[in-house]
Amino acid sequence: MKTFDVEAGPRRDRAKLDPKAVKDFEAKLGYSFDDMFTLEEALCHSSYANEYGLYYNNERLEFLGDSILTFVIARALFKMYPDADEGELTKMRSGLVKAESLYRRAESLGLPYLILHGHTLKSDSLPKSICADAMEAILGAVCLDGGVSAAERVIKKLFLNTSEEQFAEKDPKTALQLWLQAHGMPLPNYELLKTEGPSHAPTFTVRLYMNGFEHIETDRTRKGAEAKTASLILNDLRSKFGD
């Protein structure tokens, strides 16, 4: 996928990329670079730079990409889920920006086979961490090359177009919200029916009615009761409409 010079001596002025492989990658990414050097830098692992005496590697772009990814995801989730609290938003964001999520996106783009690395590493068995870091570097490169709006478009395309897989670590209320949004249905409205018991140890009874299904659950916290109803309603909806 990538080409190497056979010139004598280890030093190079620039990294070497296969133009066809780059074109295929850009098509999958949904973005074409104006400055090819920025893309080269994003793909250049430190082992390659050290081996060939290059003055740059992708670590600075990785820093930039991590920052823009976190910001775009946080802002998108903030707008998408107005009823989610800080803890729920943090959990959703973490599920999207963690290394495993980045690796899956890198793999779907064929990025591991484009990464420039030293000869001690192999393209078909690169550590997931290197691929995840390169994915962040690519996002940083898009931001430098095309601006924040271009990076935001790429991030939304790659990270916010599916609902189930990317939020693997999700509570029942969040899972229900994601399922409803993916199927074009209105968001749930939890009804507090009653609060019972002493003030130091109350119990909360919550009702949730959606699409012909109804569940009433009780728990020691209101959030817990809502989570129980959400889980049951989600099971009902999946049984009727599928995943």
# chains A, B, ... in the order shown; residues from 1 in each chain; ligands from 1
$ residues_around --residues "stretch 141-150 of chain A" --least-positions-apart "3" --cutoff "12 Å" --atoms "only C-alpha atoms" --output "count of residues only"
41
$ residues_around --residues "A:Leu121" --least-positions-apart "6" --cutoff "10 Å" --atoms "only C-alpha atoms" --output "list in words"
Ser47, Tyr48 and Pro127 of chain A
$ closest_residue --among "A:Ala27, A:Leu96, A:Leu187, A:Leu158" --to "A:Pro82" --atoms "only C-alpha atoms"
A:Leu187
$ closest_residue --among "A:Ser129, A:Leu116, A:Lys194, A:Val97" --to "A:Ala49" --atoms "only C-alpha atoms"
A:Leu116
$ residues_around --residues "stretch 233-240 of chain A" --least-positions-apart "3" --cutoff "9 Å" --atoms "only C-alpha atoms" --output "PDB file with N, CA and C atoms, in the first residue's frame"
ATOM      1  N   PRO A 172     -29.639   2.351  30.730  1.00  0.00           N
ATOM      2  CA  PRO A 172     -30.901   2.082  30.028  1.00  0.00           C
ATOM      3  C   PRO A 172     -31.580   3.326  29.458  1.00  0.00           C
ATOM      4  N   LYS A 173     -31.545   4.437  30.200  1.00  0.00           N
ATOM      5  CA  LYS A 173     -32.195   5.655  29.700  1.00  0.00           C
ATOM      6  C   LYS A 173     -31.500   6.168  28.437  1.00  0.00           C
ATOM      7  N   ALA A 175     -29.661   4.334  26.383  1.00  0.00           N
ATOM      8  CA  ALA A 175     -29.885   3.345  25.333  1.00  0.00           C
ATOM      9  C   ALA A 175     -31.255   3.536  24.695  1.00  0.00           C
ATOM     10  N   LEU A 176     -32.262   3.819  25.507  1.00  0.00           N
ATOM     11  CA  LEU A 176     -33.607   4.041  24.978  1.00  0.00           C
ATOM     12  C   LEU A 176     -33.643   5.293  24.114  1.00  0.00           C
ATOM     13  N   TRP A 179     -32.006   4.539  20.760  1.00  0.00           N
ATOM     14  CA  TRP A 179     -32.851   3.676  19.923  1.00  0.00           C
ATOM     15  C   TRP A 179     -33.987   4.483  19.321  1.00  0.00           C
ATOM     16  N   LEU A 180     -34.627   5.314  20.130  1.00  0.00           N
ATOM     17  CA  LEU A 180     -35.754   6.117  19.642  1.00  0.00           C
ATOM     18  C   LEU A 180     -35.306   7.101  18.571  1.00  0.00           C
ATOM     19  N   LEU A 208     -43.762   4.975  32.677  1.00  0.00           N
ATOM     20  CA  LEU A 208     -43.326   5.321  31.324  1.00  0.00           C
ATOM     21  C   LEU A 208     -44.245   4.640  30.334  1.00  0.00           C
ATOM     22  N   TYR A 209     -44.874   5.440  29.471  1.00  0.00           N
ATOM     23  CA  TYR A 209     -45.775   4.908  28.446  1.00  0.00           C
ATOM     24  C   TYR A 209     -45.281   5.370  27.089  1.00  0.00           C
ATOM     25  N   MET A 210     -45.053   4.401  26.176  1.00  0.00           N
ATOM     26  CA  MET A 210     -44.566   4.733  24.839  1.00  0.00           C
ATOM     27  C   MET A 210     -45.050   3.713  23.833  1.00  0.00           C
ATOM     28  N   ASN A 211     -45.568   4.199  22.723  1.00  0.00           N
ATOM     29  CA  ASN A 211     -45.905   3.343  21.585  1.00  0.00           C
ATOM     30  C   ASN A 211     -46.751   2.122  21.973  1.00  0.00           C
ATOM     31  N   PHE A 213     -46.817   0.649  24.870  1.00  0.00           N
ATOM     32  CA  PHE A 213     -46.238  -0.110  25.984  1.00  0.00           C
ATOM     33  C   PHE A 213     -46.217   0.747  27.246  1.00  0.00           C
ATOM     34  N   GLU A 214     -46.458   0.113  28.382  1.00  0.00           N
ATOM     35  CA  GLU A 214     -46.447   0.837  29.649  1.00  0.00           C
ATOM     36  C   GLU A 214     -45.762   0.004  30.730  1.00  0.00           C
ATOM     37  N   HIS A 215     -44.944   0.689  31.524  1.00  0.00           N
ATOM     38  CA  HIS A 215     -44.321   0.021  32.671  1.00  0.00           C
ATOM     39  C   HIS A 215     -44.277   0.992  33.839  1.00  0.00           C
ATOM     40  N   LYS A 228     -35.234   1.505  35.266  1.00  0.00           N
ATOM     41  CA  LYS A 228     -35.953   0.235  35.183  1.00  0.00           C
ATOM     42  C   LYS A 228     -37.038   0.286  34.109  1.00  0.00           C
ATOM     43  N   THR A 229     -37.821   1.368  34.102  1.00  0.00           N
ATOM     44  CA  THR A 229     -38.878   1.482  33.097  1.00  0.00           C
ATOM     45  C   THR A 229     -38.284   1.592  31.700  1.00  0.00           C
ATOM     46  N   ALA A 230     -37.175   2.333  31.573  1.00  0.00           N
ATOM     47  CA  ALA A 230     -36.533   2.497  30.263  1.00  0.00           C
ATOM     48  C   ALA A 230     -36.069   1.155  29.717  1.00  0.00           C
ATOM     49  N   ASP A 243     -33.937  -4.487  16.338  1.00  0.00           N
ATOM     50  CA  ASP A 243     -32.850  -3.613  16.794  1.00  0.00           C
ATOM     51  C   ASP A 243     -32.652  -2.441  15.842  1.00  0.00           C
TER      52      ASP A 243
END
$ closest_residue --among "A:Thr70, A:Thr90, A:Thr203, A:Ser46" --to "A:Leu139" --atoms "only C-alpha atoms"
A:Thr70
$ select_by_dssp --residues "stretch 5-204 of chain A" --states "strand (DSSP E)" --output "PyMOL selection string"
chain A and resi 191-196+203-204
$ write_last_selection --atoms "N, CA, C and O atoms" --output "PDB file, in the first residue's frame"
ATOM      1  N   GLU A 191     -42.974   9.863  34.080  1.00  0.00           N
ATOM      2  CA  GLU A 191     -43.956  10.456  34.991  1.00  0.00           C
ATOM      3  C   GLU A 191     -43.749   9.913  36.410  1.00  0.00           C
ATOM      4  O   GLU A 191     -43.829   8.706  36.647  1.00  0.00           O
ATOM      5  N   LEU A 192     -43.486  10.812  37.335  1.00  0.00           N
ATOM      6  CA  LEU A 192     -43.349  10.417  38.742  1.00  0.00           C
ATOM      7  C   LEU A 192     -44.738  10.281  39.339  1.00  0.00           C
ATOM      8  O   LEU A 192     -45.461  11.266  39.492  1.00  0.00           O
ATOM      9  N   LEU A 193     -45.117   9.065  39.682  1.00  0.00           N
ATOM     10  CA  LEU A 193     -46.456   8.818  40.217  1.00  0.00           C
ATOM     11  C   LEU A 193     -46.549   9.122  41.702  1.00  0.00           C
ATOM     12  O   LEU A 193     -47.524   9.720  42.167  1.00  0.00           O
ATOM     13  N   LYS A 194     -45.560   8.701  42.466  1.00  0.00           N
ATOM     14  CA  LYS A 194     -45.611   8.954  43.908  1.00  0.00           C
ATOM     15  C   LYS A 194     -44.236   8.755  44.539  1.00  0.00           C
ATOM     16  O   LYS A 194     -43.375   8.062  44.004  1.00  0.00           O
ATOM     17  N   THR A 195     -44.090   9.391  45.692  1.00  0.00           N
ATOM     18  CA  THR A 195     -42.910   9.216  46.531  1.00  0.00           C
ATOM     19  C   THR A 195     -43.379   8.783  47.914  1.00  0.00           C
ATOM     20  O   THR A 195     -44.233   9.445  48.517  1.00  0.00           O
ATOM     21  N   GLU A 196     -42.847   7.689  48.395  1.00  0.00           N
ATOM     22  CA  GLU A 196     -43.302   7.135  49.661  1.00  0.00           C
ATOM     23  C   GLU A 196     -42.130   6.894  50.592  1.00  0.00           C
ATOM     24  O   GLU A 196     -40.974   6.886  50.180  1.00  0.00           O
ATOM     25  N   THR A 203     -38.935   5.990  48.572  1.00  0.00           N
ATOM     26  CA  THR A 203     -39.017   5.177  47.356  1.00  0.00           C
ATOM     27  C   THR A 203     -39.796   5.963  46.317  1.00  0.00           C
ATOM     28  O   THR A 203     -40.731   6.690  46.649  1.00  0.00           O
ATOM     29  N   PHE A 204     -39.413   5.789  45.053  1.00  0.00           N
ATOM     30  CA  PHE A 204     -40.014   6.544  43.960  1.00  0.00           C
ATOM     31  C   PHE A 204     -40.674   5.580  42.974  1.00  0.00           C
ATOM     32  O   PHE A 204     -40.083   4.559  42.604  1.00  0.00           O
TER      33      PHE A 204
END
$ closest_residue --among "A:Asp171, A:Asn189, A:Arg93, A:Arg220" --to "A:Pro202" --atoms "only C-alpha atoms"
A:Arg220
$ atom_distance --atom1 "atom CA of A:Phe159" --atom2 "atom CA of A:Pro112"
18.0 Å
$ closest_residue --among "A:Glu88, A:Thr205, A:Ala151, A:Ala132" --to "A:Ser108" --atoms "only C-alpha atoms"
A:Ala132
$ atom_distance --atom1 "atom CA of A:Ile130" --atom2 "atom CA of A:Arg105"
12.9 Å
$ select_by_dssp --residues "stretch 124-215 of chain A" --states "alpha helix (DSSP H)" --output "MDAnalysis selection string"
chainID A and resid 128:146 148:159 172:182
$ atom_distance --atom1 "atom CA of A:Leu232" --atom2 "atom CA of A:Lys79"
26.0 Å
$ closest_residue --among "A:Thr221, A:His119, A:Phe78, A:Met92" --to "A:His200" --atoms "only C-alpha atoms"
A:Thr221
$ residues_around --residues "A:Tyr81" --least-positions-apart "5" --cutoff "9 Å" --atoms "only C-alpha atoms" --output "list in words"
Ala76, Leu89, Thr174 and Gln177 of chain A
